[in-house]
>>> print(open('my_file.csv').read())   # CSV, C-alpha atoms
chain,number,residue,atom,x,y,z
A,1,MET,CA,-54.0,28.9,33.7
A,2,PRO,CA,-51.1,29.5,31.4
A,3,MET,CA,-50.2,26.7,29.0
A,4,ARG,CA,-46.9,25.0,29.5
A,5,GLN,CA,-44.6,25.4,26.6
A,6,ALA,CA,-43.3,22.2,25.0
A,7,GLN,CA,-39.8,21.4,26.1
A,8,PRO,CA,-37.3,20.7,23.3
A,9,SER,CA,-36.5,17.0,23.2
A,10,MET,CA,-33.0,16.0,24.4
A,11,PRO,CA,-30.7,14.7,21.6
A,12,ALA,CA,-30.0,11.0,21.8
A,13,MET,CA,-26.6,10.1,23.3
A,14,ARG,CA,-24.0,9.2,20.7
A,15,VAL,CA,-23.2,5.5,20.2
A,16,PRO,CA,-19.5,5.2,19.4
A,17,LEU,CA,-17.8,2.5,17.4
A,18,ALA,CA,-15.7,1.7,20.5
A,19,ASP,CA,-15.3,3.2,23.9
A,20,LEU,CA,-12.0,2.7,25.7
A,21,ARG,CA,-12.9,5.1,28.5
A,22,ALA,CA,-15.7,2.9,29.8
A,23,GLN,CA,-13.2,-0.1,30.1
A,24,HIS,CA,-10.5,2.0,31.8
A,25,GLN,CA,-13.0,3.5,34.3
A,26,GLN,CA,-14.0,0.0,35.5
A,27,LEU,CA,-10.4,-1.1,35.8
A,28,GLY,CA,-9.0,2.2,37.2
A,29,ARG,CA,-7.8,1.0,40.6
A,30,ASP,CA,-6.2,-2.2,39.3
A,31,LEU,CA,-4.5,-0.4,36.4
A,32,GLN,CA,-3.1,2.3,38.8
A,33,GLU,CA,-1.8,-0.4,41.1
A,34,ALA,CA,0.0,-2.1,38.1
A,35,ILE,CA,1.4,1.3,37.0
A,36,ASP,CA,2.6,2.0,40.6
A,37,ARG,CA,4.4,-1.4,40.7
A,38,VAL,CA,6.4,-0.5,37.6
A,39,PHE,CA,7.4,3.0,38.9
A,40,ALA,CA,8.3,1.6,42.3
A,41,ALA,CA,10.7,-0.9,40.6
A,42,SER,CA,11.8,1.5,37.8
A,43,ASP,CA,11.4,-1.5,35.5
A,44,PHE,CA,10.5,0.3,32.4
A,45,ILE,CA,11.9,-1.7,29.4
A,46,LEU,CA,11.1,-5.5,29.3
A,47,GLY,CA,11.7,-6.5,32.9
A,48,ASN,CA,9.6,-8.5,35.4
A,49,GLU,CA,6.1,-7.4,34.4
A,50,VAL,CA,6.8,-8.2,30.8
A,51,ARG,CA,8.3,-11.6,31.6
A,52,GLN,CA,5.2,-12.5,33.7
A,53,PHE,CA,2.9,-11.3,31.0
A,54,GLU,CA,4.7,-13.5,28.5
A,55,GLU,CA,4.3,-16.5,30.7
A,56,GLU,CA,0.6,-15.8,31.4
A,57,TYR,CA,-0.2,-15.1,27.7
A,58,ALA,CA,1.5,-18.2,26.5
A,59,ALA,CA,-0.4,-20.3,29.0
A,60,TYR,CA,-3.7,-18.6,28.0
A,61,CYS,CA,-3.0,-19.4,24.3
A,62,GLY,CA,-1.8,-22.9,24.9
A,63,THR,CA,1.8,-22.5,23.7
A,64,THR,CA,5.1,-22.7,25.6
A,65,GLU,CA,6.4,-19.3,24.5
A,66,ALA,CA,5.3,-15.8,24.1
A,67,ILE,CA,7.7,-13.1,22.9
A,68,ALA,CA,6.5,-9.6,23.8
A,69,CYS,CA,7.5,-6.8,21.4
A,70,ALA,CA,6.8,-3.2,20.6
A,71,ASN,CA,3.7,-3.6,18.3
A,72,GLY,CA,1.8,-6.0,16.1
A,73,THR,CA,3.7,-5.1,13.0
A,74,ASP,CA,7.0,-6.0,14.6
A,75,ALA,CA,5.4,-9.3,15.8
A,76,LEU,CA,4.8,-10.3,12.2
A,77,GLU,CA,8.2,-9.1,11.0
A,78,LEU,CA,10.0,-10.9,13.8
A,79,ALA,CA,8.2,-14.2,13.0
A,80,LEU,CA,8.8,-13.9,9.3
A,81,TRP,CA,12.4,-13.0,9.8
A,82,ALA,CA,12.9,-15.9,12.3
A,83,ILE,CA,11.7,-18.5,9.8
A,84,GLY,CA,14.1,-17.2,7.2
A,85,VAL,CA,11.8,-15.1,4.9
A,86,GLY,CA,13.9,-12.8,2.7
A,87,PRO,CA,14.6,-11.5,-0.8
A,88,GLY,CA,13.5,-13.8,-3.5
A,89,ASP,CA,10.8,-15.4,-1.4
A,90,GLU,CA,7.0,-15.1,-1.9
A,91,VAL,CA,4.6,-14.9,1.0
A,92,ILE,CA,0.9,-15.7,0.5
A,93,THR,CA,-1.8,-13.6,2.3
A,94,VAL,CA,-5.0,-11.7,1.6
A,95,ALA,CA,-5.6,-8.1,0.5
A,96,ASN,CA,-8.5,-7.6,2.9
A,97,THR,CA,-6.5,-6.7,5.9
A,98,PHE,CA,-4.7,-3.8,7.5
A,99,ALA,CA,-1.5,-2.6,5.8
A,100,ALA,CA,0.7,-4.1,8.6
A,101,THR,CA,0.3,-7.6,7.2
A,102,ALA,CA,1.8,-6.7,3.9
A,103,GLU,CA,4.3,-4.2,5.5
A,104,ALA,CA,6.0,-6.9,7.5
A,105,ILE,CA,6.3,-9.2,4.4
A,106,VAL,CA,7.8,-6.4,2.3
A,107,ARG,CA,10.2,-5.3,5.0
A,108,CYS,CA,11.6,-8.8,5.1
A,109,GLY,CA,12.4,-8.4,1.4
A,110,ALA,CA,9.8,-10.8,0.1
A,111,THR,CA,7.2,-10.5,-2.6
A,112,LEU,CA,3.5,-10.4,-1.9
A,113,ARG,CA,1.1,-12.9,-3.4
A,114,PHE,CA,-2.6,-12.3,-2.6
A,115,VAL,CA,-5.4,-14.8,-2.7
A,116,ASP,CA,-9.1,-13.9,-2.7
A,117,VAL,CA,-11.5,-14.2,0.3
A,118,ASP,CA,-14.5,-16.3,0.9
A,119,PRO,CA,-17.5,-14.1,0.1
A,120,ARG,CA,-19.3,-15.3,3.2
A,121,THR,CA,-16.6,-14.8,5.9
A,122,LEU,CA,-14.3,-12.4,4.1
A,123,LEU,CA,-11.4,-14.5,5.3
A,124,MET,CA,-8.8,-16.3,3.2
A,125,ASP,CA,-10.4,-18.6,0.7
A,126,VAL,CA,-8.6,-21.8,1.5
A,127,ASN,CA,-9.9,-23.4,-1.7
A,128,GLU,CA,-7.8,-20.9,-3.7
A,129,LEU,CA,-4.7,-21.3,-1.6
A,130,GLU,CA,-2.9,-24.2,-3.3
A,131,THR,CA,-3.2,-22.6,-6.8
A,132,ALA,CA,-1.3,-19.6,-5.5
A,133,ILE,CA,1.7,-21.6,-4.3
A,134,THR,CA,4.9,-21.4,-6.5
A,135,PRO,CA,8.4,-22.7,-6.1
A,136,LYS,CA,9.3,-19.3,-4.5
A,137,THR,CA,6.6,-19.6,-1.8
A,138,ARG,CA,8.2,-19.5,1.7
A,139,ALA,CA,5.3,-18.9,4.0
A,140,ILE,CA,1.5,-18.4,4.2
A,141,VAL,CA,0.0,-15.7,6.5
A,142,PRO,CA,-3.7,-16.4,7.1
A,143,VAL,CA,-5.4,-13.3,8.7
A,144,HIS,CA,-7.9,-13.9,11.5
A,145,LEU,CA,-10.0,-10.8,10.6
A,146,TYR,CA,-12.8,-9.3,12.7
A,147,GLY,CA,-12.2,-11.8,15.5
A,148,SER,CA,-12.9,-14.9,13.4
A,149,CYS,CA,-10.3,-17.5,12.5
A,150,VAL,CA,-9.4,-19.0,9.2
A,151,ASP,CA,-9.5,-22.8,9.2
A,152,VAL,CA,-5.9,-23.0,10.2
A,153,ALA,CA,-5.8,-26.8,10.2
A,154,ALA,CA,-6.9,-26.8,6.5
A,155,VAL,CA,-4.2,-24.2,5.7
A,156,MET,CA,-1.6,-26.3,7.6
A,157,ALA,CA,-2.5,-29.4,5.6
A,158,ILE,CA,-1.8,-27.6,2.4
A,159,ALA,CA,1.4,-26.0,3.7
A,160,ALA,CA,2.7,-29.4,4.9
A,161,ARG,CA,2.3,-30.8,1.4
A,162,HIS,CA,4.6,-28.1,0.1
A,163,GLY,CA,7.0,-27.7,3.0
A,164,ILE,CA,5.8,-24.2,3.7
A,165,ASP,CA,5.6,-22.4,7.1
A,166,VAL,CA,2.3,-20.9,8.4
A,167,ILE,CA,2.5,-17.6,10.4
A,168,GLU,CA,-0.9,-16.6,11.8
A,169,ASP,CA,-1.8,-12.9,11.8
A,170,ALA,CA,-4.1,-13.0,14.9
A,171,ALA,CA,-4.0,-9.3,15.6
A,172,GLN,CA,-7.8,-9.1,15.8
A,173,ALA,CA,-8.4,-12.5,17.4
A,174,GLN,CA,-7.2,-12.5,21.0
A,175,GLY,CA,-9.1,-15.5,22.6
A,176,ALA,CA,-10.7,-16.8,19.4
A,177,THR,CA,-10.4,-20.4,18.5
A,178,SER,CA,-10.0,-22.5,15.4
A,179,ARG,CA,-11.1,-26.1,15.8
A,180,GLY,CA,-10.7,-25.7,19.6
A,181,LYS,CA,-7.2,-24.2,19.6
A,182,ARG,CA,-6.5,-20.6,20.4
A,183,ALA,CA,-5.8,-18.2,17.5
A,184,GLY,CA,-2.1,-18.2,16.8
A,185,ALA,CA,-1.4,-21.6,18.4
A,186,THR,CA,-1.7,-23.9,15.4
A,187,GLY,CA,0.8,-22.4,12.9
A,188,ARG,CA,4.6,-22.2,13.4
A,189,ALA,CA,3.9,-18.9,15.2
A,190,GLY,CA,1.0,-16.5,15.9
A,191,CYS,CA,1.3,-12.8,15.9
A,192,PHE,CA,-0.8,-10.3,18.0
A,193,SER,CA,-1.3,-6.6,18.2
A,194,PHE,CA,-2.3,-5.1,21.6
A,195,TYR,CA,-3.2,-1.7,20.0
A,196,PRO,CA,-5.5,0.0,22.5
A,197,GLY,CA,-8.7,-0.8,20.5
A,198,LYS,CA,-8.1,-4.6,20.3
A,199,ASN,CA,-10.0,-7.1,22.4
A,200,LEU,CA,-6.9,-7.2,24.6
A,201,GLY,CA,-5.5,-3.7,24.3
A,202,ALA,CA,-2.5,-2.0,25.9
A,203,CYS,CA,-2.5,1.7,26.8
A,204,GLY,CA,-0.2,2.4,23.9
A,205,ASP,CA,1.5,0.2,21.2
A,206,ALA,CA,2.4,-3.4,22.1
A,207,GLY,CA,2.5,-6.8,20.5
A,208,ALA,CA,3.6,-10.4,20.9
A,209,VAL,CA,4.4,-13.6,19.0
A,210,ILE,CA,3.4,-17.0,20.4
A,211,THR,CA,5.0,-20.3,19.5
A,212,SER,CA,5.9,-23.7,20.9
A,213,ASP,CA,9.2,-23.8,19.0
A,214,GLN,CA,11.9,-22.9,21.5
A,215,GLU,CA,14.6,-22.3,18.9
A,216,LEU,CA,12.3,-19.9,17.0
A,217,ALA,CA,11.4,-18.1,20.3
A,218,ASN,CA,15.1,-17.6,21.2
A,219,ARG,CA,15.8,-16.1,17.7
A,220,MET,CA,13.0,-13.6,18.1
A,221,ARG,CA,14.0,-12.6,21.6
A,222,GLN,CA,17.5,-11.9,20.4
A,223,MET,CA,16.3,-10.0,17.3
A,224,ARG,CA,13.9,-7.8,19.4
A,225,ASP,CA,16.7,-6.7,21.7
A,226,HIS,CA,19.4,-5.4,19.3
A,227,GLY,CA,20.7,-8.9,18.5
A,228,ARG,CA,22.3,-9.2,21.9
A,229,ALA,CA,24.0,-12.5,22.9
A,230,SER,CA,22.1,-14.1,25.8
A,231,GLY,CA,22.9,-12.4,29.1
A,232,LYS,CA,25.6,-10.2,27.6
A,233,LYS,CA,24.6,-6.5,27.5
A,234,TYR,CA,27.2,-5.3,25.0
A,235,GLU,CA,27.8,-8.4,22.8
A,236,HIS,CA,25.7,-8.5,19.7
A,237,ALA,CA,25.5,-11.9,17.9
A,238,ILE,CA,23.4,-10.6,15.0
A,239,VAL,CA,22.2,-7.3,13.6
A,240,GLY,CA,18.9,-6.9,15.5
A,241,ARG,CA,16.4,-4.2,16.2
A,242,ASN,CA,14.7,-2.4,19.1
A,243,SER,CA,11.3,-3.9,19.5
A,244,ARG,CA,11.1,-4.3,23.3
A,245,MET,CA,7.8,-4.0,25.2
A,246,ASP,CA,7.5,-1.3,27.9
A,247,GLY,CA,7.2,-2.5,31.4
A,248,LEU,CA,4.1,-0.3,31.8
A,249,GLN,CA,2.4,-2.1,28.9
A,250,GLY,CA,3.3,-5.5,30.3
A,251,ALA,CA,1.7,-4.6,33.7
A,252,ILE,CA,-1.4,-3.2,32.1
A,253,LEU,CA,-1.9,-6.2,29.8
A,254,ARG,CA,-1.6,-8.5,32.8
A,255,VAL,CA,-4.5,-6.7,34.4
A,256,LYS,CA,-6.6,-6.8,31.3
A,257,LEU,CA,-5.8,-10.5,30.4
A,258,ARG,CA,-7.8,-11.6,33.5
A,259,HIS,CA,-10.9,-10.0,32.0
A,260,LEU,CA,-10.5,-11.1,28.4
A,261,ASP,CA,-12.8,-14.1,28.4
A,262,ALA,CA,-15.6,-12.2,30.0
A,263,TRP,CA,-15.2,-9.4,27.6
A,264,ASN,CA,-15.2,-11.8,24.6
A,265,ALA,CA,-18.3,-13.5,26.0
A,266,ARG,CA,-20.1,-10.1,26.1
A,267,ARG,CA,-19.0,-9.4,22.5
A,268,ARG,CA,-20.6,-12.7,21.5
A,269,GLU,CA,-23.9,-11.7,23.3
A,270,ILE,CA,-23.9,-8.4,21.5
A,271,ALA,CA,-23.3,-10.2,18.1
A,272,ALA,CA,-26.1,-12.6,18.8
A,273,THR,CA,-28.5,-9.7,19.5
A,274,TYR,CA,-27.5,-7.9,16.3
A,275,ARG,CA,-28.1,-11.1,14.3
A,276,ALA,CA,-31.6,-11.5,15.9
A,277,LEU,CA,-32.6,-7.9,15.4
A,278,LEU,CA,-31.3,-7.7,11.8
A,279,ARG,CA,-32.6,-11.0,10.7
A,280,ASP,CA,-35.4,-9.5,8.5
A,281,VAL,CA,-33.4,-6.4,7.4
A,282,ASP,CA,-32.0,-6.3,3.8
A,283,ILE,CA,-28.4,-6.6,4.7
A,284,ARG,CA,-25.8,-9.5,4.8
A,285,ILE,CA,-24.0,-10.2,8.0
A,286,VAL,CA,-20.4,-11.4,7.5
A,287,ALA,CA,-20.4,-15.1,8.6
A,288,VAL,CA,-18.1,-16.9,11.0
A,289,PRO,CA,-16.6,-20.2,9.8
A,290,GLU,CA,-18.0,-23.3,11.4
A,291,SER,CA,-14.4,-24.2,12.5
A,292,SER,CA,-14.1,-21.0,14.6
A,293,GLU,CA,-15.5,-19.5,17.8
A,294,ALA,CA,-15.4,-15.8,17.1
A,295,VAL,CA,-14.6,-13.0,19.6
A,296,TYR,CA,-16.1,-10.2,17.4
A,297,HIS,CA,-13.4,-7.6,17.4
A,298,GLN,CA,-15.7,-6.1,14.8
A,299,PHE,CA,-19.3,-6.8,13.8
A,300,VAL,CA,-19.4,-6.4,10.1
A,301,MET,CA,-22.3,-6.4,7.7
A,302,ARG,CA,-22.7,-5.7,4.0
A,303,THR,CA,-25.1,-3.4,2.1
A,304,SER,CA,-25.1,-2.1,-1.4
A,305,ASP,CA,-25.7,1.5,-0.4
A,306,ARG,CA,-23.1,1.6,2.4
A,307,ASP,CA,-22.0,5.2,2.2
A,308,ALA,CA,-25.5,6.6,2.3
A,309,LEU,CA,-26.4,4.3,5.3
A,310,ARG,CA,-23.4,5.5,7.2
A,311,GLN,CA,-24.2,9.1,6.7
A,312,GLU,CA,-27.8,8.5,8.0
A,313,LEU,CA,-26.5,6.6,11.0
A,314,GLU,CA,-24.0,9.3,11.7
A,315,ALA,CA,-26.7,11.9,11.6
A,316,SER,CA,-28.6,9.9,14.2
A,317,GLY,CA,-25.6,9.8,16.5
A,318,ILE,CA,-24.4,6.3,15.6
A,319,GLN,CA,-20.7,5.9,14.6
A,320,THR,CA,-19.7,3.2,12.2
A,321,GLY,CA,-16.4,2.1,10.5
A,322,ILE,CA,-15.0,0.4,7.4
A,323,HIS,CA,-12.5,-2.3,7.8
A,324,TYR,CA,-11.1,-1.9,5.2
A,325,PRO,CA,-12.1,0.5,2.4
A,326,ILE,CA,-9.1,0.1,0.1
A,327,PRO,CA,-7.8,-3.5,-0.3
A,328,LEU,CA,-4.0,-3.8,-0.3
A,329,HIS,CA,-3.7,-4.8,-3.9
A,330,ARG,CA,-5.2,-1.4,-4.7
A,331,GLN,CA,-2.8,0.5,-2.5
A,332,PRO,CA,0.1,2.2,-4.4
A,333,ALA,CA,2.5,1.3,-1.6
A,334,PHE,CA,2.3,-2.4,-2.3
A,335,THR,CA,1.8,-2.7,-6.1
A,336,PRO,CA,5.6,-2.7,-6.7
A,337,TYR,CA,5.9,-5.8,-4.5
A,338,LEU,CA,3.4,-8.0,-6.4
A,339,PRO,CA,4.8,-10.6,-8.7
A,340,ALA,CA,4.6,-9.8,-12.4
A,341,SER,CA,2.7,-13.0,-13.1
A,342,MET,CA,-0.1,-12.0,-10.7
A,343,GLY,CA,-3.0,-9.8,-11.9
A,344,VAL,CA,-4.7,-7.4,-9.5
A,345,SER,CA,-8.2,-8.8,-9.9
A,346,LEU,CA,-9.5,-10.2,-6.6
A,347,GLN,CA,-13.2,-10.2,-7.3
A,348,GLU,CA,-14.6,-11.0,-3.9
A,349,THR,CA,-12.2,-8.7,-2.1
A,350,ASP,CA,-13.1,-5.8,-4.3
A,351,ALA,CA,-16.8,-6.4,-4.0
A,352,ALA,CA,-16.6,-6.6,-0.2
A,353,ALA,CA,-14.6,-3.3,0.1
A,354,ALA,CA,-17.5,-1.4,-1.5
A,355,GLU,CA,-20.2,-2.9,0.9
A,356,ILE,CA,-18.7,-3.6,4.3
A,357,VAL,CA,-19.6,-1.5,7.4
A,358,SER,CA,-18.6,-2.2,11.0
A,359,LEU,CA,-21.2,-1.5,13.7
A,360,PRO,CA,-20.5,-0.4,17.3
A,361,MET,CA,-18.9,-3.3,19.2
A,362,PHE,CA,-17.3,-3.2,22.6
A,363,PRO,CA,-18.1,-5.1,25.8
A,364,GLU,CA,-19.6,-2.1,27.6
A,365,LEU,CA,-22.1,-1.5,24.8
A,366,SER,CA,-25.6,-1.6,26.4
A,367,ASP,CA,-28.5,-3.7,25.1
A,368,ALA,CA,-30.5,-0.5,24.6
A,369,ASP,CA,-27.8,0.9,22.3
A,370,VAL,CA,-27.6,-2.4,20.4
A,371,ARG,CA,-31.3,-2.2,19.8
A,372,ARG,CA,-31.0,1.4,18.8
A,373,VAL,CA,-28.4,0.7,16.2
A,374,ALA,CA,-30.3,-2.2,14.7
A,375,THR,CA,-33.6,-0.3,14.7
A,376,SER,CA,-31.9,2.7,13.0
A,377,ILE,CA,-30.5,0.5,10.3
A,378,GLY,CA,-33.9,-1.1,9.7
A,379,ASP,CA,-35.6,2.3,9.6
A,380,CYS,CA,-33.0,3.8,7.2
A,381,LEU,CA,-33.3,1.0,4.7
A,382,THR,CA,-37.1,0.8,4.9
A,383,ASN,CA,-37.4,4.6,4.4
A,384,ARG,CA,-35.1,4.4,1.4
A,385,ALA,CA,-37.1,1.5,-0.1
A,386,VAL,CA,-40.3,3.4,0.3
A,387,ALA,CA,-38.9,6.5,-1.3
A,388,ALA,CA,-37.6,4.5,-4.3
A,389,ALA,CA,-41.0,2.8,-4.8
>>> encode(input="my_file.csv", output="structure tokens")
Amino acid sequence: MPMRQAQPSMPAMRVPLADLRAQHQQLGRDLQEAIDRVFAASDFILGNEVRQFEEEYAAYCGTTEAIACANGTDALELALWAIGVGPGDEVITVANTFAATAEAIVRCGATLRFVDVDPRTLLMDVNELETAITPKTRAIVPVHLYGSCVDVAAVMAIAARHGIDVIEDAAQAQGATSRGKRAGATGRAGCFSFYPGKNLGACGDAGAVITSDQELANRMRQMRDHGRASGKKYEHAIVGRNSRMDGLQGAILRVKLRHLDAWNARRREIAATYRALLRDVDIRIVAVPESSEAVYHQFVMRTSDRDALRQELEASGIQTGIHYPIPLHRQPAFTPYLPASMGVSLQETDAAAAEIVSLPMFPELSDADVRRVATSIGDCLTNRAVAAA
């Protein structure tokens, strides 16, 4: 009887860092109905769907107002502009963030002042905040990175002593909480991006600012729509800009908002599994502050041989990311906007940038793939340790 030839093993399926197709396949019918409503009404710029999303998102966050806009960068700029940030002012934030945080500050004409991060959480080190305040400081922008919140109450206490406003950059923290309050709802205003990959993502660019300050909300609504006087199409009270949310994005976000808490709960389950499986592996998992309930926009760990590990995982079909490889104080674009009195040494920020790696994280990620990622990390590090012995 002839021997059966061994069949080649099938390559393992790729584990992506994120997978938007899986989410959209599940929501296909509801998303199509929402899109059809917008086309039936020809309500493409702002309009009813955007107004309803603003009401629903404000209620979700626990504020009275949500101002929808074109993207998360505009959200930050609108909020900073509305509180009066301008030339001659300084704004304090962190360098461990996406460029948009600093872009918005610079585009308002202000100077950047960076503080270092807590080495455990990689969020703003509140203990260093007060020493960074100068007579020119106009605002503080804490960044809720990776889906965890800075202790905003602690930031607010410092800001109140100095008469400074707090604008929360909550672009990665839809649904997270700080001391029981939703991200963005503690400061003077909170700014969100609905970039497609976010926990609550549009199908294109979109953003919003939340606040419970009615006057501030009115200024931002006017600014986003060419500075028009209320209800008067061709009367412009101020020099504004065009930062209006599309009706399609408002309708899509309304559908997705209904699922946000369930998606965030699944992200927390995945994070807990990663923590359990990586407990005895020689890596450091970025911590969540005790004051915050995280929503794990990213699951981030640190390892001293980050680049080699990423290459090995990629060869195994596992995608990873780095958020972010070059801190903003090392970016040529922003060095002209740092005060002359500030050096560029942010020790913890620089150290983290050389070690951080983001693992696959999205609600549809299977338990089997989570185990595969964790096992692969353990195997890679163990094999390297054996080879070095």
>>> atom_distance(input="my_file.csv", atom1="atom CA of A:Ala99", atom2="atom CA of A:Gly163")
26.6 Å
>>> atom_distance(input="my_file.csv", atom1="atom CA of A:Gly190", atom2="atom CA of A:Glu168")
4.5 Å
>>> closest_residue(input="my_file.csv", among="A:His144, A:Lys181, A:Arg371, A:Arg228", to="A:Ser193", atoms="all atoms listed in the file")
A:His144
>>> closest_residue(input="my_file.csv", among="A:Gly187, A:Gln174, A:Ile167, A:Gln25", to="A:Ala153", atoms="all atoms listed in the file")
A:Gly187
>>> closest_residue(input="my_file.csv", among="A:Gly321, A:Gly207, A:Pro119, A:Gly88", to="A:Arg244", atoms="only C-alpha atoms")
A:Gly207
>>> atom_distance(input="my_file.csv", atom1="atom CA of A:Phe53", atom2="atom CA of A:Glu235")
26.4 Å
>>> closest_atom_pairs(input="my_file.csv", of="stretch 253-308 of chain A", to="stretch 351-361 of chain A", cutoff="7 Å", atoms="only C-alpha atoms", output="tab-separated table")
residue	atom	partner	partner_atom	distance
A:Arg267	CA	A:Met361	CA	6.9
A:Gln298	CA	A:Met361	CA	6.1
A:Phe299	CA	A:Ser358	CA	5.4
A:Val300	CA	A:Ser358	CA	4.4
A:Met301	CA	A:Val357	CA	5.6
A:Arg302	CA	A:Ile356	CA	4.5
A:Thr303	CA	A:Glu355	CA	5.1
A:Ser304	CA	A:Glu355	CA	5.5
A:Arg306	CA	A:Glu355	CA	5.6
>>> residues_near_point(input="my_file.csv", point="(-5.3, 0.1, 24.8)", cutoff="10 Å", atoms="only C-alpha atoms", output="PDB file with C-alpha atoms, in the coordinates of the input")
ATOM      1  CA  LEU A  20     -12.000   2.700  25.700  1.00  0.00           C
ATOM      2  CA  ARG A  21     -12.900   5.100  28.500  1.00  0.00           C
ATOM      3  CA  GLN A  23     -13.200  -0.100  30.100  1.00  0.00           C
ATOM      4  CA  HIS A  24     -10.500   2.000  31.800  1.00  0.00           C
ATOM      5  CA  PHE A 194      -2.300  -5.100  21.600  1.00  0.00           C
ATOM      6  CA  TYR A 195      -3.200  -1.700  20.000  1.00  0.00           C
ATOM      7  CA  PRO A 196      -5.500   0.000  22.500  1.00  0.00           C
ATOM      8  CA  GLY A 197      -8.700  -0.800  20.500  1.00  0.00           C
ATOM      9  CA  LYS A 198      -8.100  -4.600  20.300  1.00  0.00           C
ATOM     10  CA  ASN A 199     -10.000  -7.100  22.400  1.00  0.00           C
ATOM     11  CA  LEU A 200      -6.900  -7.200  24.600  1.00  0.00           C
ATOM     12  CA  GLY A 201      -5.500  -3.700  24.300  1.00  0.00           C
ATOM     13  CA  ALA A 202      -2.500  -2.000  25.900  1.00  0.00           C
ATOM     14  CA  CYS A 203      -2.500   1.700  26.800  1.00  0.00           C
ATOM     15  CA  GLY A 204      -0.200   2.400  23.900  1.00  0.00           C
ATOM     16  CA  ASP A 205       1.500   0.200  21.200  1.00  0.00           C
ATOM     17  CA  ALA A 206       2.400  -3.400  22.100  1.00  0.00           C
ATOM     18  CA  GLN A 249       2.400  -2.100  28.900  1.00  0.00           C
ATOM     19  CA  ILE A 252      -1.400  -3.200  32.100  1.00  0.00           C
ATOM     20  CA  LEU A 253      -1.900  -6.200  29.800  1.00  0.00           C
ATOM     21  CA  LYS A 256      -6.600  -6.800  31.300  1.00  0.00           C
TER      22      LYS A 256
END
>>> closest_residue(input="my_file.csv", among="A:Leu27, A:Met223, A:Val85, A:Leu313", to="A:Gly240", atoms="all atoms listed in the file")
A:Met223
>>> closest_residue(input="my_file.csv", among="A:Gly175, A:Pro135, A:Gly180, A:Gly147", to="A:Asp89", atoms="all atoms listed in the file")
A:Pro135
>>> closest_residue(input="my_file.csv", among="A:Leu248, A:Ala104, A:Val150, A:Ala110", to="A:Leu78", atoms="all atoms listed in the file")
A:Ala104
>>> residues_around(input="my_file.csv", residues="A:Arg188", least_positions_apart="5", cutoff="9 Å", atoms="all atoms listed in the file", output="NGL selection string")
:A and (79 or 83 or 165-168 or 210-213 or 216)
>>> residues_around(input="my_file.csv", residues="A:Ala40", least_positions_apart="5", cutoff="12 Å", atoms="all atoms listed in the file", output="list in words")
Gln32, Glu33, Ala34, Ile35, Gly247 and Leu248 of chain A
